Every structure is written in C-alpha cells, then in structure tokens.
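Novice: Okay, here's the structure, questions in a sec.
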4 protein chains.
Amino acid sequence: MPGNTIGHLFRLTSFGESHGAAIGGMVDGCPAGLELDLEAVQRELDRRRPGSTPLGTSRNEADRVEFLSGVFEIPSRLEAGMTARNDKRVTLGTPIAFLIRNADAKPSDYDALKDVYRPGHADKTWEDKFGLRDHRGGGRSSARTTAASVVAGAIARQLLATEGVHVHASVLSVGEVSATRTTDVRSLERVWQNAVRCADPDAVPRMTELIERVRAEGDSVGGVVSCFVRGLPVGLGEPVFDKLDADLAKAMLSINAVKGFQIGMGFHASTMRGSEHNKATQGGVLGGISSGEDITFDVAFKPPSTIAKSQLTTDRSGNAVTLEAKGRHDPCVVPRAVPIVEAMTCLVLADHLLRQRSARV
Amino acid sequence: MPGNTIGHLFRLTSFGESHGAAIGGMVDGCPAGLELDLEAVQRELDRRRPGSTPLGTSRNEADRVEFLSGVFEIPSRLEAGMTARNDKRVTLGTPIAFLIRNADAKPSDYDALKDVYRPGHADKTWEDKFGLRDHRGGGRSSARTTAASVVAGAIARQLLATEGVHVHASVLSVGEVSATRTTDVRSLERVWQNAVRCADPDAVPRMTELIERVRAEGDSVGGVVSCFVRGLPVGLGEPVFDKLDADLAKAMLSINAVKGFQIGMGFHASTMRGSEHNKATQGGVLGGISSGEDITFDVAFKPPSTIAKSQLTTDRSGNAVTLEAKGRHDPCVVPRAVPIVEAMTCLVLADHLLRQRSARV
Amino acid sequence: MPGNTIGHLFRLTSFGESHGAAIGGMVDGCPAGLELDLEAVQRELDRRRPGSTPLGTSRNEADRVEFLSGVFEIPSRLEAGMTARNDKRVTLGTPIAFLIRNADAKPSDYDALKDVYRPGHADKTWEDKFGLRDHRGGGRSSARTTAASVVAGAIARQLLATEGVHVHASVLSVGEVSATRTTDVRSLERVWQNAVRCADPDAVPRMTELIERVRAEGDSVGGVVSCFVRGLPVGLGEPVFDKLDADLAKAMLSINAVKGFQIGMGFHASTMRGSEHNKATQGGVLGGISSGEDITFDVAFKPPSTIAKSQLTTDRSGNAVTLEAKGRHDPCVVPRAVPIVEAMTCLVLADHLLRQRSARV
Amino acid sequence: MPGNTIGHLFRLTSFGESHGAAIGGMVDGCPAGLELDLEAVQRELDRRRPGSTPLGTSRNEADRVEFLSGVFEIPSRLEAGMTARNDKRVTLGTPIAFLIRNADAKPSDYDALKDVYRPGHADKTWEDKFGLRDHRGGGRSSARTTAASVVAGAIARQLLATEGVHVHASVLSVGEVSATRTTDVRSLERVWQNAVRCADPDAVPRMTELIERVRAEGDSVGGVVSCFVRGLPVGLGEPVFDKLDADLAKAMLSINAVKGFQIGMGFHASTMRGSEHNKATQGGVLGGISSGEDITFDVAFKPPSTIAKSQLTTDRSGNAVTLEAKGRHDPCVVPRAVPIVEAMTCLVLADHLLRQRSARV
C-alpha cells in the first residue's frame, strides 16, 4: 500500500524521481476561497533550492513551480475591472496540482552508481522493496522530493495565516556547535538573512566555520532544527492515535536524514521530577491536543552520507567497491532543512485545523 | 475527524473511557487462518496491569479481555475429534472485537476534580476541544486506554512470529539512572523477572531505589524505554511519507506521557561526522525502509503529572486551587510502559508486513 | 485490506458473526455535545428485528443494544439537580462502542450446513476468500450484521435531525405488486403501522397477500425499497469520486441481497430525451452534490435464497446435495430492509454533512 | 474532505478543470515491475476523445498523455544492449503522475455562462458548495475529467491482464432502442469498429439512426452501457461494506450523467421468486465477493442536459434566462462512456486484486 500521501482533510500526495521528467504533487482539500499568493509559494521553494545558501551544494536548478489546476482568477478583481495578477489566485476547492521540471538533471553523473549501494543511503533497501529502482540521484529516495512538500506547505501556511498561526524553524545546532534557544519572533524571522539559518547571531559564525571546515575535510556533519509555532488555536489534535505531537513526529521522521524528534522538554524530561516538569513548558500540547501555548519541538538530522572521502561499500554482486563521491553534495543539510521542517509542520497543522471543524455539533 | 484508528491493513480502532462501562477495540485486517493463543494475549495484558509490578499504582483490576468476534474453533482440532480448547482459536479474517470491563472503577474518587484542571494533564485541552469531558480518571485521556493497544499488539505479535519477527522493549533509564544497552535477546527476555523491566542487572537496584525514593517524596520521575526488533524482513516501509521509522515515531508519540523518539544514533547523530556515522548503526531502517538489520529506537517518557505533593492549579472558573493527589498513582510509568511500547511496535510492523504484500507485481 | 468501515468523518466500523458472542460496532466521529435519545435508537433496532412484522421470520431475539463508551451524563441535567435519565445521554466526541449479544443463537441448527454451500448464498465465496468460515447462520455474511448499521444509523439520524434532515424509506414493490410513489411525509411516517412497510394503503393488502402466498408455496419473492430525503442542505457531496449519489449507491449495494440502485429517473432516464429529462426530477443531486431538493432513490432486492422448497446444491467435496431449509426464514426481506435502507442513508448523509464543513475557508 | 481519490491500494487521485492548464492524475500503488505499454494507454484515451466517434461532439483535442514519474527504462532491455523503446516502460512502485494539456480550450465560448445556471448541470450546486466555481466548460464538473480515469484505468487493465482478467463494456441501449445481450468476447471486442460501441450488429443501425435524429431535433437521448468481466479470480471483495459490487456501484455512479446501476438480474430480480432466481446468474458476485463466474452489470445514463433547443433557466440573480447551447455537444454520451465504464471497472478490480493479498496468513 502506497505511502505518498500525508494528511486527511488537507492532503498532499507527492510524486517524482530526482532525475525523471518532473517532481510535484497535488494538494487536495484546501478549502475554496483562499486567496493564494503564488509568488510567496515560489519564494519558499527558493529557500530550499540547492544553491540557496553558500554552504550547500552547487547544483543550480531554477525550480520554478507550475500550477496546473485548482486555482482561478479572483472574481472580485475581475468584477472591479482590474486585470488578473499573475501572482494572485483564489482556490476553487478542487485539487491543486503542481509540478517542477527536473531541468538540471545530469543522469550520466550517476551511471557509475547503477550497480553500487552507497553507504548510509537507501539504494539497497529500495531495491529490496521493489525489486528495481531508478538509480539516478537516488530516484525517489532523493531529498529533492521534499520540494513538493515545500510547495504544499507554503499553501498550507497561507491557510494557517488566516487563523493567525505562524511557524518558524531555525537551526539549533550544527555538530557540536549549539545556538541559544529563542522564542523571539523577530529573531526567528531573521534566519533567512544568514546562510546557516540560525536565530542566534553569536552561533552563526561558529556554525559557518564548522561547516566550511568539514567540507574542506571531505566530510559532513549533522545538526538539529528547532521549530516554533505561535498562535495555534486550542483543541487541535485527535487522540488517542492522531495526537498533534504524534502527527508532527511522523511528519518530521518522514524527512530525509531525520533520526529524532522531541517536543517540550523532550528527552530531558525523562530525567526530571514531576514536581519540576509540571512547571516546565509542555511544548504547547497536552494529551495530544494543542493548549494554545507556543509549540516547540526539535528535529535531529544525521550527517549526509555522501562524502568526498573515500568509503568502502558493496555492489549488487556483493563485491567490495571504493566510493569517492563526485558531483555536488551538501556537507550539512540542516540549513536547507529549515524550510522543509516548516513546510511539514504547516501541512500537519492545516490538516488538524480542518479536522477540528467536526469536533462539535 | 476522529483519530482512534491506527494502521491501514492491520488496523486497530480503540474505544472507551477510563471509568465508563468498558474499554476495548477492534482489530480489523488480521489475515484469516492465524492460530491465536488467547491466553498469551491475556498474559501480555497482565503485564500492563496496575499492580503488575510492586513499583506501580495499587489499583487492582482483573482486566480480563473478552473476545466478541472474529475468532473461531480451529477446524483441524474438531475434525481430529479433539475438543475445542478455550485458549486457542483461529482468525476468520473478520473484525476481532474485544472488551475489558471497568470493574474496579471508583468514580466518586474523582468528584472533586470535576471542575479542576490538573497540571500537566489533558483536562483542559480535552474540554477546549470537545466542549465537555468525562472527568472521571481522565476519561478517554487516561493511560488506561492503552490496554486496548496491548491486546491488539499481542495479536499482531502472533502474526509477526509466523514471519520470525521478535520485539523486545526494556527500560533504558529512570531519571538519571541509566542501564547499559544490550542487544542480547536472552537478557531482554528476562525483563519480566524484575519490577523495573530493565535488561541490565546492575541498573535494576539503582532504578528501584530511585523510584522508591521519589515515591516517598510524593514526587514522580521520567525515564526512557528502548525497543529492539530482530528478524524483520527487508523492504518494509512506504516512503515518502509512511516510512517505517515515521510510523514508529507516530505510534510512540501517541502513547501517553511520551515526549521524544529517536532511532539508530538518534539525537547523537546530529553531533557526528558523516565518515563516522556511515559506519554506525542506522537503526535497521534506511530511507524509511527496513534493511533486515536489527531495529533499535528509544522513547522518552516525562514524569507522571499526578503527584502527592501539593500543587497549585486552576479550576474552570479560573480560581486558584491547591491540589494534593489522593488515590493510586504511579511514581514512574516506564516499567508499565514496556509492554505498551512493544504493542505499538507490533501494530506498526504488522501493518507494514501486509502493506509490503502489494509492493511488487 | 478490511472493508468493515463506512464513512470518513462520521464513521461506522462493524463487527460480529451471526452466531458468535455478539455483534456490534463503533461510531467514531460523532461530534461532541449531541444529546442522544438511547431509547429512540433501541426503537429503530426493534423495527429491524426478526419478528418485528408478522410477515418475517419467527426468530425472536431481544436484540438489546448496550452502549460501552462515548456517551455521558448530560451535565446540564445534573447541574440542575435532576437525576440522570437512563435514556438520555450526551456524546463526548469519542468512539461510541455498542454491542448486541447473540442471545437466541441455535448453532446446532446449522451443523448440517457445515460442509454444504447453499445456492445464492455467500458460503462458498467467503470460504474461497478466507480459506475458512464460520458456517453457523452465514457467520459474518448474515444479514444479522445489519443490526449494527441500524444502531449507528439511528445515531446519525439524531445528528441529521439537528439540521432539519429527515429520511423516510418505504416498500415500493413486492414481486409484481407495485405501490404508487409518494412524497407525502405523513404517508411515509405511517409505514410502521403496517407489516409490509408500504406508504400506499391500496398496495398493502395485495403485497401482504403475495408474501403469504409465496410463503405457503415454500418460496420467496424480491422487492424494491424507495428512499426519500427532505431537508438536506445544499452542497453535500465530494466530486469527482465521492459524489453523494455514488456514496449512496455504495451504501445500498453493501446491504445483503441488493442488486440495483437508481436515483431520480434512474434507468428510465436512459430512455428519455434531454428536453424532457431536464424538466424531470434530478433526484436531489446534480453533479454529485445535493441541490436542496428532495432526494429520491430506489433499491432493488433479490428474493431470499433460502427457501423451504428442495433445491440441488453441492458440498465442499463437490457432491450433489438436496437442500430443504429448516428453521426460520423470511419469504420476503423488503419490509425488514426498510429500516436498514434508512440507516445506511443516514450514515452517508451524516458523513457528508461533516465533510462539507471543510469545503470553504 | 476532498473526494478526488478512488481506491485504497491501487489508487487514482485526479485533478484538473476542463479549461484550466491541464487535467491529469496520479496512480499510486501500482506494483513495481509491471511492464507498461504506454501506447496502449494512449489508444484507450483516444477512444474516449471528443471526435473519436462521428456521433459525438466535434471538439477535437489531441489529448496526448504525458507521464511525469513512476516509470523507468526496462532494465532487461538495456542490459541486452537494446535501445529503450518510447512506448514501453516498467513501473517503479512509485506514483505514476500524468497530465493532459487542455490544448483546444476556448474559454471565451463560455463567457456568456458565467452567471447562468444551466438546467440539469452542476453549475449551481458546485457554486453552492464552494462559494465560487470555474464556469468555463463546467470547470471540474465537466466530463472531460474522466480522461484521467481512462488513463489510470488503462494502467489498471495492464495489471489485471497479468492475472488473466478481461473487461468489456458495450452499449446495451440508446433511448428506446435495445441490443441483444451477449457474453461472446469476440463480439464484445468488435465494439470499437462501430460508432455506437454496440456488440449487436442488428442494433447498430437503429441506434445510429436514433442518435442522428435526436441531434437533428436539437435534442439528446440517454442509454445504458453494460459491462462484462471474465477471468476474475475468486475471493475479491471486502464485506461487509466494501463489497465488490458496492465498490463497482460507487465507481459507476461517480461517472457523469449516471443515474442507475444493477448487477446480475438487477431490478428484474425484485420481481422474481427465489426458486427461479437461485438458478439465474448472480452477476459473478455472491455476498459481495467474486465467485469466479463472469461478472455482468448495467449502467444507466441520462440524456445530456446541454441541448440546442432553447430552454428556460435562471441566472445567479434569479432572473429567467433563455438558453440555446452553442458550441460542441454530444447528443448521446453512451458511445463515449464505454471506455470510461471499462476504466472505472478496471480501477475497482485492480484495487481489490491487491486488497485480497492480505486476506490470509
């Protein structure tokens, strides 16, 4: 049974291989009558793009999103005699399909990998599952597929904004370098002004230095992205299984390279006394339902598996192979993961916002 | 939209309030022809029961599970002239409904809490969501509802056993006391022989001592449960959203009091270099798909919110209220959480086992 | 993948075999705060009961529904110092589980059928599907399972009533005897006063006479139930696949013995000209969405397959067997099908009522 | 909650407005390793195309389907040194996204209809539902959206063919002209050789004459499409709600202009005696599960609502408006509905084929 859909009422179904014709998706269930700023969607997509930060891979894709359905001229503009604006549309309540062409694909870069299983990658597990795979750039296991989530998340965000909900992710740590946590929205909004997407100005240079050093060593490094939600209405979340934090955890673990999730005091809570924890932040969720307080959770990313250093691995026939990654690779994914964490968060929250509409008579 | 169902092909829908007539559930999608040992199901339920360990609450419920449908006499036994055995049945492929009567309910214990919101509890969020709540013992927000998960998980486990899959959870830490990790199955099987459900004999007395001390102080303490899966076939998990680790994370976060999940190297991976992490355990999941290696993940529990120490809180009218918990409460939930973690794991794995059946032509 | 659930937001999952311990179900998604008249639910169940009409089978089951969860004392009554009434409860927004014990089961009646496949029955197909079956009274293929639908439908009806929606089914034909169609609500409400559940007083004696004659002949006869819905809000239905009429068709075809569904002018429309049909009733649904007009549709039932007349069939080994039904059987199911058609209709409408809540910003 | 998805394991999600940028869909859940003949898919789409029969509308769209994902070069061909063939691909087990550009759209044709509700159409109900609509050519309520179903159905058909399942639809009646039923597969395969898609050579000229006459009168006419399935394995269908015939009924009623469905003896069964019906065809489904016998069912289509004759209707302000359809319209949809009925049937069967894989241990 396929697993390319997330959400129930506000629902994304995603498609595409990294080096196929296109990637994209469909948002089904976005309520009708939402005025969408399509350029704002594109801007969010740009933030995830390879090359969006000087610290990432140099793969440079235009990554223009094309909308195929579900949006329409805004009637009030037309009736007022105004011309349609290219960047503003209204949702029809029908599926919003979109695609991003894979313009910069260089499949030949990957020919050497056709029969090799890269360490830490999903090459072998995908092949074990399906019996075959598109080996070019990881095929569907590539993090490139998260671009569809970012587009859908940007639509979800515009729905959430009508309810006063705001979602801010930022880099909390890179390797052993940690930032100071903040719940100051202005600081969080400034993360797009630095290449590491960190809200703590003191940590930025140290994180940058670490990433550059790791890159020079032909290595990679992990990190933690923290997410902060303000303005969420009370009552969101559907116990006993579709708790708000359970759905957030799932959405986060579905992001490539994520190995951990914690909310509120998280793992630290396991070392606390009840008398102490009852006074601490609960992370904005109690019993799986939003309390109206700020929501805060952390997402742990492993270091990218593709590194320039030579590594031993095996090919399909079980032979030992030495691998030295060529091409374009991120030494650290967390800066580019920030918009993805935001997008997945927005998708979960938009879905629960609509789900809550049937909670009461 | 309701959230009381988990799983797609192997699916549990759970019902019941802590002090209503009964709790229970329905397992839909268990394949036909599975010989079920019903006493083994009851034994797993017994492990979760209040009073099952000397360290837990003294509430003593018989908690006998009654099966209402979906199971049948084993035809081969009857044909062989053997009498039916009460404890063995075969699944019919139809829904397996079961219930557990709430025999020991003392609703009057909770009258004083009708208008009070307990700190750290879901009293207020449930009321915010639905406009009303069953206040007796937390109603449906009570951890008692996990008994239904344990029953369903025990059925899932028997299905998994036919494929050679084995699931072992154990307590990894209580407060600041940590055990040494083990992947030794014999040690893991021995956790039922000690009250803290820990596989490390050296840690057991220290954990026991900590729990007793915390109880004496009228306080509570958190902990971490670790889970270990051996024998899982390769290929399970449905990217890009229903990854195996994503569904495990969701299932774990749906358990009461859980605040964090990590798989493989987890949060520690965020501090590692790629050259180092590529050689470490990946937790048995790569790209969201099982690799055939052992699966290991950790689940962080906060300390129970209900403590004997007096606490300040508010009632429905916003008045300050001093609360001193009476009645029966756990100073630490992790020992009793061990069978729940196992059950939720079995539910996720059984679902993905069936989902994988449609992966290939 | 199991198929025992109907509905998405207002959802019934049904369980039980005809001669197992119990049948029942769970309604998940009924909004919180609905005051439920439980005796009214029981009254609807009584209408479906064997023995409820002198024309049906003489199997006499008490069929008392027991509610296990999801309903609570009505707070306003308690606060006003009134005692709780047994027959009134308020929904909590949590799953409403219920069961009906199989009190009058006589499994031994069915021993002879253990290895026989009855003509027109699902004995062989269920066994082909699952590899085994509960042969007693058809097991889960028995129409007895519709009792769970009637209970759930009665809850749905009380939700619909808060929006002014009313659902009336009635017998339109028995074999070759047809009633005159009516949209007069008073006539439709009177169907419970006659044994054939027909709104046309002229047709009642002719239908009764036909059923008695067929019974005397050891045979059975089919019929048509018509359903009429008044007061449904505009806008319900979710094209392009979950159209309101598509979901009604599915719900009707899921009822045992149903072989056809038509809405509005139905099959007759296939013989009409557009100029003519555009002026006719559209059945209350246009493009799969309710128009606010009355909804009318028809459901065709085949004659019951179990008849007293001797019939040839085969057993599991392929031997020819002569079958003469003993025990208690309906010569015509349509009178007892009337509450089932109503219940399934209410379930579909309640689900779409909630689904429509997320159609607009 | 959106309704643009059909199927659970083999699943189509459809998108697109008649005169937007494109229509299309995603097939998710098609097993990996299926060799797909893409030209065969295009040929099926051609059969549904406006202009594919001389009896239909003259709107002429190239309707070329473009595949965006989920299919890959066939490895065995490449390894054998053969060049990839454009028309053959293998499924990857990932979503198969496809689109069809709306090349021939003439939105200006529809300006006059912006504020008018056409009789028999969904203009007003869609607007009532969503608060706005894309008025051009019916927007998403247009039958053009069925092109996505035809593409997906053609993929499903290729999966079914690997199991020996064959699906044949044909026109059974046009208005008052009826064909003789046949279960002769050769006759059924010849329907593509005549413009009315009828398997009875005697009925073809009479049907053709009727359609031409109705067109000359500026009117339209309804009809019945019959569907015949051979080779379906036993055991498909998921009682008690997702019965095979229930899901077929839903799929058929989701097709534009359908007003009725019947299986086996259908409505005629309601007039039969049990002794007689038990010997008749059961339509290949017993108790909601396929029996291995041929499946036969009928689908009733109303006459198209858009006719050249002038009609009275209302506009958004409630004013009376006289409407005379210009542009390109079918006087009878049933010939073009034949591939749509086949496609929807294939989608339902492919889904149940996969669902059955988890029926037994």
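Chain identifiers are assigned as A, B, and so on, following the order in which chains appear in the structure tokens; residues are numbered from 1 within each chain, and ligands are numbered from 1 in order of appearance.
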Considering only C-alpha atoms, extract the chain A residues located within 12 Å of chain C and return them as a ChimeraX atom specification.
Specialist: /A:1,8-10,28-36,90-95,156,158-163,238-240,350-361
Novice: Go through region 193-270 of chain D and collect every residue that DSSP, computed from the backbone, puts in alpha helix (DSSP H); the answer should be as a list in words.
Specialist: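 Checking each residue of region 193-270 of chain D, the alpha helix (DSSP H) ones are Ala203, Val204, Pro205, Arg206, Met207, Thr208, Glu209, Leu210, Ile211, Glu212, Arg213, Val214, Arg215, Ala216, Leu244, Asp245, Ala246, Asp247, Leu248, Ala249, Lys250, Ala251, Met252, Leu253, Gly266, Phe267, His268 and Ala269 of chain D.
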Novice: Need to verify the contact set: region 302-304 of chain B, 9 Å, only C-alpha atoms, exclusion of same-chain residues closer than 2 positions in sequence. Can you return it as a PyMOL selection string?
Specialist: (chain A and resi 265-275+277-278) or (chain B and resi 120+175+219-224+257-259+300+306-307+329-333)
Novice: Print the selection's residues with N, CA and C atoms to a file, as a CSV table (one decimal), in the first residue's frame.
Specialist:
```csv
chain,number,residue,atom,x,y,z
A,265,MET,N,10.1,19.5,26.7
A,265,MET,CA,11.3,19.1,27.4
A,265,MET,C,12.0,17.9,26.7
A,266,GLY,N,11.2,17.2,25.9
A,266,GLY,CA,11.8,16.1,25.2
A,266,GLY,C,12.5,15.0,26.0
A,267,PHE,N,13.7,14.6,25.5
A,267,PHE,CA,14.4,13.6,26.2
A,267,PHE,C,14.9,14.0,27.6
A,268,HIS,N,15.1,15.3,27.7
A,268,HIS,CA,15.5,15.9,29.0
A,268,HIS,C,14.4,15.6,30.1
A,269,ALA,N,13.1,15.5,29.6
A,269,ALA,CA,12.0,15.3,30.6
A,269,ALA,C,12.2,13.9,31.3
A,270,SER,N,12.8,13.0,30.6
A,270,SER,CA,13.0,11.7,31.2
A,270,SER,C,13.9,11.7,32.4
A,271,THR,N,14.6,12.8,32.6
A,271,THR,CA,15.5,12.8,33.8
A,271,THR,C,14.9,13.7,34.9
A,272,MET,N,13.7,14.3,34.7
A,272,MET,CA,13.1,15.3,35.6
A,272,MET,C,12.2,14.6,36.6
A,273,ARG,N,11.9,15.4,37.7
A,273,ARG,CA,10.9,15.0,38.6
A,273,ARG,C,9.6,15.6,38.2
A,274,GLY,N,8.5,15.0,38.6
A,274,GLY,CA,7.2,15.5,38.2
A,274,GLY,C,6.9,16.9,38.7
A,275,SER,N,7.4,17.2,40.0
A,275,SER,CA,7.1,18.5,40.6
A,275,SER,C,7.8,19.6,39.8
A,277,HIS,N,8.8,19.1,36.3
A,277,HIS,CA,8.3,19.1,35.0
A,277,HIS,C,6.9,19.8,34.8
A,278,ASN,N,6.1,19.6,35.9
A,278,ASN,CA,4.7,20.2,35.8
A,278,ASN,C,4.8,21.7,35.6
B,120,GLY,N,-0.3,19.6,34.0
B,120,GLY,CA,0.3,18.6,33.2
B,120,GLY,C,-0.6,17.5,32.6
B,175,GLY,N,14.9,8.4,35.4
B,175,GLY,CA,15.6,9.6,35.9
B,175,GLY,C,17.0,9.7,35.4
B,219,ASP,N,6.7,12.5,44.9
B,219,ASP,CA,7.0,13.1,43.6
B,219,ASP,C,7.0,11.9,42.6
B,220,SER,N,7.4,12.2,41.4
B,220,SER,CA,7.5,11.2,40.3
B,220,SER,C,8.7,11.5,39.5
B,221,VAL,N,9.0,10.5,38.6
B,221,VAL,CA,10.2,10.6,37.8
B,221,VAL,C,10.0,10.0,36.4
B,222,GLY,N,10.7,10.6,35.4
B,222,GLY,CA,10.6,10.1,34.0
B,222,GLY,C,11.5,9.0,33.7
B,223,GLY,N,11.7,8.6,32.4
B,223,GLY,CA,12.6,7.6,32.0
B,223,GLY,C,12.5,7.3,30.5
B,224,VAL,N,13.4,6.4,30.1
B,224,VAL,CA,13.4,6.1,28.7
B,224,VAL,C,13.2,4.6,28.5
B,257,ALA,N,2.3,10.4,27.8
B,257,ALA,CA,3.5,10.9,28.5
B,257,ALA,C,4.8,10.8,27.7
B,258,VAL,N,4.7,10.4,26.4
B,258,VAL,CA,5.9,10.3,25.6
B,258,VAL,C,6.2,11.7,25.1
B,259,LYS,N,7.5,12.1,25.2
B,259,LYS,CA,7.9,13.4,24.7
B,259,LYS,C,9.0,13.3,23.7
B,300,ALA,N,11.2,8.5,25.0
B,300,ALA,CA,11.3,9.3,26.3
B,300,ALA,C,10.0,9.6,26.9
B,306,THR,N,0.7,13.5,38.0
B,306,THR,CA,-0.1,13.4,39.2
B,306,THR,C,0.9,13.0,40.3
B,307,ILE,N,1.0,13.9,41.3
B,307,ILE,CA,1.9,13.6,42.4
B,307,ILE,C,1.2,13.9,43.7
B,329,HIS,N,-1.5,6.2,42.3
B,329,HIS,CA,-0.7,6.8,41.2
B,329,HIS,C,0.6,6.2,41.1
B,330,ASP,N,1.1,6.1,39.8
B,330,ASP,CA,2.5,5.6,39.6
B,330,ASP,C,3.5,6.7,39.8
B,331,PRO,N,4.6,6.4,40.6
B,331,PRO,CA,5.7,7.4,40.7
B,331,PRO,C,6.5,7.4,39.4
B,332,CYS,N,6.4,6.3,38.6
B,332,CYS,CA,7.2,6.2,37.4
B,332,CYS,C,6.5,5.3,36.4
B,333,VAL,N,6.2,5.8,35.2
B,333,VAL,CA,5.4,4.9,34.3
B,333,VAL,C,6.3,4.0,33.4
```
Novice: Within region 215-345 of chain C, find each residue whose DSSP state, derived from the backbone, is strand (DSSP E or B), and express the selection as an NGL selection string.
Specialist: :C and (221 or 223-230 or 238 or 240 or 242 or 258-263 or 273 or 285-286 or 289-290 or 295-301 or 311-315 or 320-323)
Novice: Env of Arg48 (chain B): 9 Å cut, atoms = only C-alpha atoms, seq-sep filter 5 positions within chain, self excluded. Answer as number ranges by chain.
Specialist: B: 53, 146-147, 150, 335-340
Novice: Excluding Leu236 (chain B) and any residue of its chain fewer than 4 positions from it, enumerate the residues within 9 Å of it, using only C-alpha atoms, and give them as a compact mmCIF listing (two decimals) with all heavy atoms, in the first residue's frame.
Specialist:
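Output saved as result.txt:
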```txt
# COMPACT_ATOMS: atom_id res chain seq x y z
N THR A 125 17.87 -0.75 0.13
CA THR A 125 16.54 -1.04 0.71
C THR A 125 15.43 -0.80 -0.31
O THR A 125 14.47 -1.55 -0.38
CB THR A 125 16.29 -0.23 2.00
OG1 THR A 125 16.49 1.17 1.75
CG2 THR A 125 17.21 -0.66 3.13
N LYS A 129 12.93 -3.62 -1.66
CA LYS A 129 11.49 -3.47 -1.54
C LYS A 129 10.79 -3.73 -2.87
O LYS A 129 9.84 -4.51 -2.95
CB LYS A 129 11.15 -2.06 -1.06
CG LYS A 129 9.66 -1.81 -0.92
CD LYS A 129 9.37 -0.43 -0.35
CE LYS A 129 7.89 -0.33 0.00
NZ LYS A 129 7.46 -1.24 1.05
N LEU B 232 13.06 -8.78 11.31
CA LEU B 232 12.12 -8.13 10.40
C LEU B 232 12.62 -8.31 8.97
O LEU B 232 13.78 -8.05 8.67
CB LEU B 232 12.02 -6.64 10.73
CG LEU B 232 10.81 -5.92 10.15
CD1 LEU B 232 9.52 -6.43 10.79
CD2 LEU B 232 10.91 -4.42 10.32
N LYS B 243 7.11 6.20 5.96
CA LYS B 243 8.35 5.49 6.23
C LYS B 243 8.19 4.67 7.50
O LYS B 243 7.43 5.04 8.40
CB LYS B 243 9.49 6.51 6.38
CG LYS B 243 9.86 7.14 5.03
CD LYS B 243 10.93 8.22 5.16
CE LYS B 243 11.38 8.65 3.76
NZ LYS B 243 12.16 9.91 3.79
N LEU B 244 8.93 3.58 7.58
CA LEU B 244 8.78 2.71 8.75
C LEU B 244 9.10 3.46 10.03
O LEU B 244 8.37 3.37 11.03
CB LEU B 244 9.69 1.49 8.60
CG LEU B 244 9.48 0.43 9.67
CD1 LEU B 244 8.06 -0.13 9.61
CD2 LEU B 244 10.48 -0.71 9.50
N VAL B 285 16.82 0.84 9.63
CA VAL B 285 15.95 1.48 8.64
C VAL B 285 16.80 2.42 7.80
O VAL B 285 17.54 3.24 8.35
CB VAL B 285 14.82 2.28 9.33
CG1 VAL B 285 13.94 2.97 8.29
CG2 VAL B 285 13.97 1.36 10.21
N GLY B 288 13.75 5.00 5.20
CA GLY B 288 12.38 4.69 5.61
C GLY B 288 11.98 3.25 5.40
O GLY B 288 10.83 2.88 5.64
N ILE B 289 12.91 2.40 4.98
CA ILE B 289 12.64 1.00 4.63
C ILE B 289 13.54 0.10 5.47
O ILE B 289 14.73 0.38 5.63
CB ILE B 289 12.90 0.77 3.12
CG1 ILE B 289 11.98 1.67 2.28
CG2 ILE B 289 12.70 -0.69 2.75
CD1 ILE B 289 12.30 1.65 0.79
N SER B 290 12.96 -1.00 5.97
CA SER B 290 13.76 -1.91 6.80
C SER B 290 14.87 -2.55 5.97
O SER B 290 14.66 -2.93 4.82
CB SER B 290 12.87 -3.00 7.41
OG SER B 290 12.33 -3.81 6.38
N SER B 291 16.04 -2.67 6.60
CA SER B 291 17.20 -3.19 5.89
C SER B 291 17.47 -4.65 6.23
O SER B 291 18.38 -5.25 5.68
CB SER B 291 18.43 -2.35 6.27
OG SER B 291 18.71 -2.53 7.67
N LEU B 349 4.48 -2.78 12.81
CA LEU B 349 5.19 -3.76 11.98
C LEU B 349 4.21 -4.68 11.24
O LEU B 349 4.41 -5.00 10.07
CB LEU B 349 6.15 -4.58 12.83
CG LEU B 349 7.27 -3.79 13.52
CD1 LEU B 349 8.17 -4.74 14.30
CD2 LEU B 349 8.09 -2.96 12.53
N HIS B 352 2.78 -2.88 8.27
CA HIS B 352 3.73 -2.76 7.16
C HIS B 352 4.06 -4.11 6.52
O HIS B 352 4.35 -4.18 5.33
CB HIS B 352 5.00 -2.02 7.61
CG HIS B 352 4.82 -0.54 7.60
ND1 HIS B 352 4.92 0.20 6.45
CD2 HIS B 352 4.51 0.35 8.57
CE1 HIS B 352 4.69 1.48 6.72
NE2 HIS B 352 4.45 1.60 8.01
N LEU B 353 3.98 -5.16 7.32
CA LEU B 353 4.17 -6.50 6.76
C LEU B 353 3.12 -6.76 5.68
O LEU B 353 3.43 -7.25 4.58
CB LEU B 353 4.04 -7.52 7.89
CG LEU B 353 4.57 -8.92 7.64
CD1 LEU B 353 6.09 -8.91 7.64
CD2 LEU B 353 4.08 -9.87 8.75
N ARG B 355 1.27 -4.38 4.17
CA ARG B 355 1.39 -3.37 3.11
C ARG B 355 2.42 -3.79 2.07
O ARG B 355 2.25 -3.52 0.88
CB ARG B 355 1.75 -2.00 3.71
CG ARG B 355 0.61 -1.42 4.54
CD ARG B 355 0.96 -0.09 5.18
NE ARG B 355 0.97 0.98 4.17
CZ ARG B 355 1.02 2.27 4.47
NH1 ARG B 355 1.05 2.66 5.73
NH2 ARG B 355 1.02 3.18 3.53
N GLN B 356 3.48 -4.45 2.51
CA GLN B 356 4.53 -4.84 1.59
C GLN B 356 4.05 -5.88 0.58
O GLN B 356 4.64 -6.04 -0.48
CB GLN B 356 5.73 -5.36 2.40
CG GLN B 356 6.88 -5.94 1.59
CD GLN B 356 7.53 -4.93 0.64
OE1 GLN B 356 7.17 -3.77 0.61
NE2 GLN B 356 8.46 -5.41 -0.17
```
Novice: Within 8 Å of Ala179 (chain A), counting only C-alpha atoms, which residues show up once you throw out same-chain ones fewer than 2 positions away? Write them as number ranges by chain, please.
Specialist: A: 171-173, 177, 181, 198-200, 202-203
Novice: As an exercise, work out the distance from CA of Ala122 (chain C) to CA of Glu176 (chain C) in Å and give it to one decimal place.
Specialist: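 Interatomic distance, CA of Ala122 (chain C) to CA of Glu176 (chain C): 26.3 Å.
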Novice: Tell me, as an MDAnalysis selection string, which residues lie within 9 Å of Ala308 (chain B), counting only C-alpha atoms; anything in the same chain fewer than 6 positions away does not count.
Specialist: chainID B and resid 215 217:220 323:326 329
Novice: Have a look at A:Leu132, A:Asn102, A:Arg43, A:Arg213 and name the one nearest to Trp192 (chain A); count only C-alpha atoms.
Specialist: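 Of the candidates, the smallest distance to Trp192 (chain A) is held by A:Arg43.
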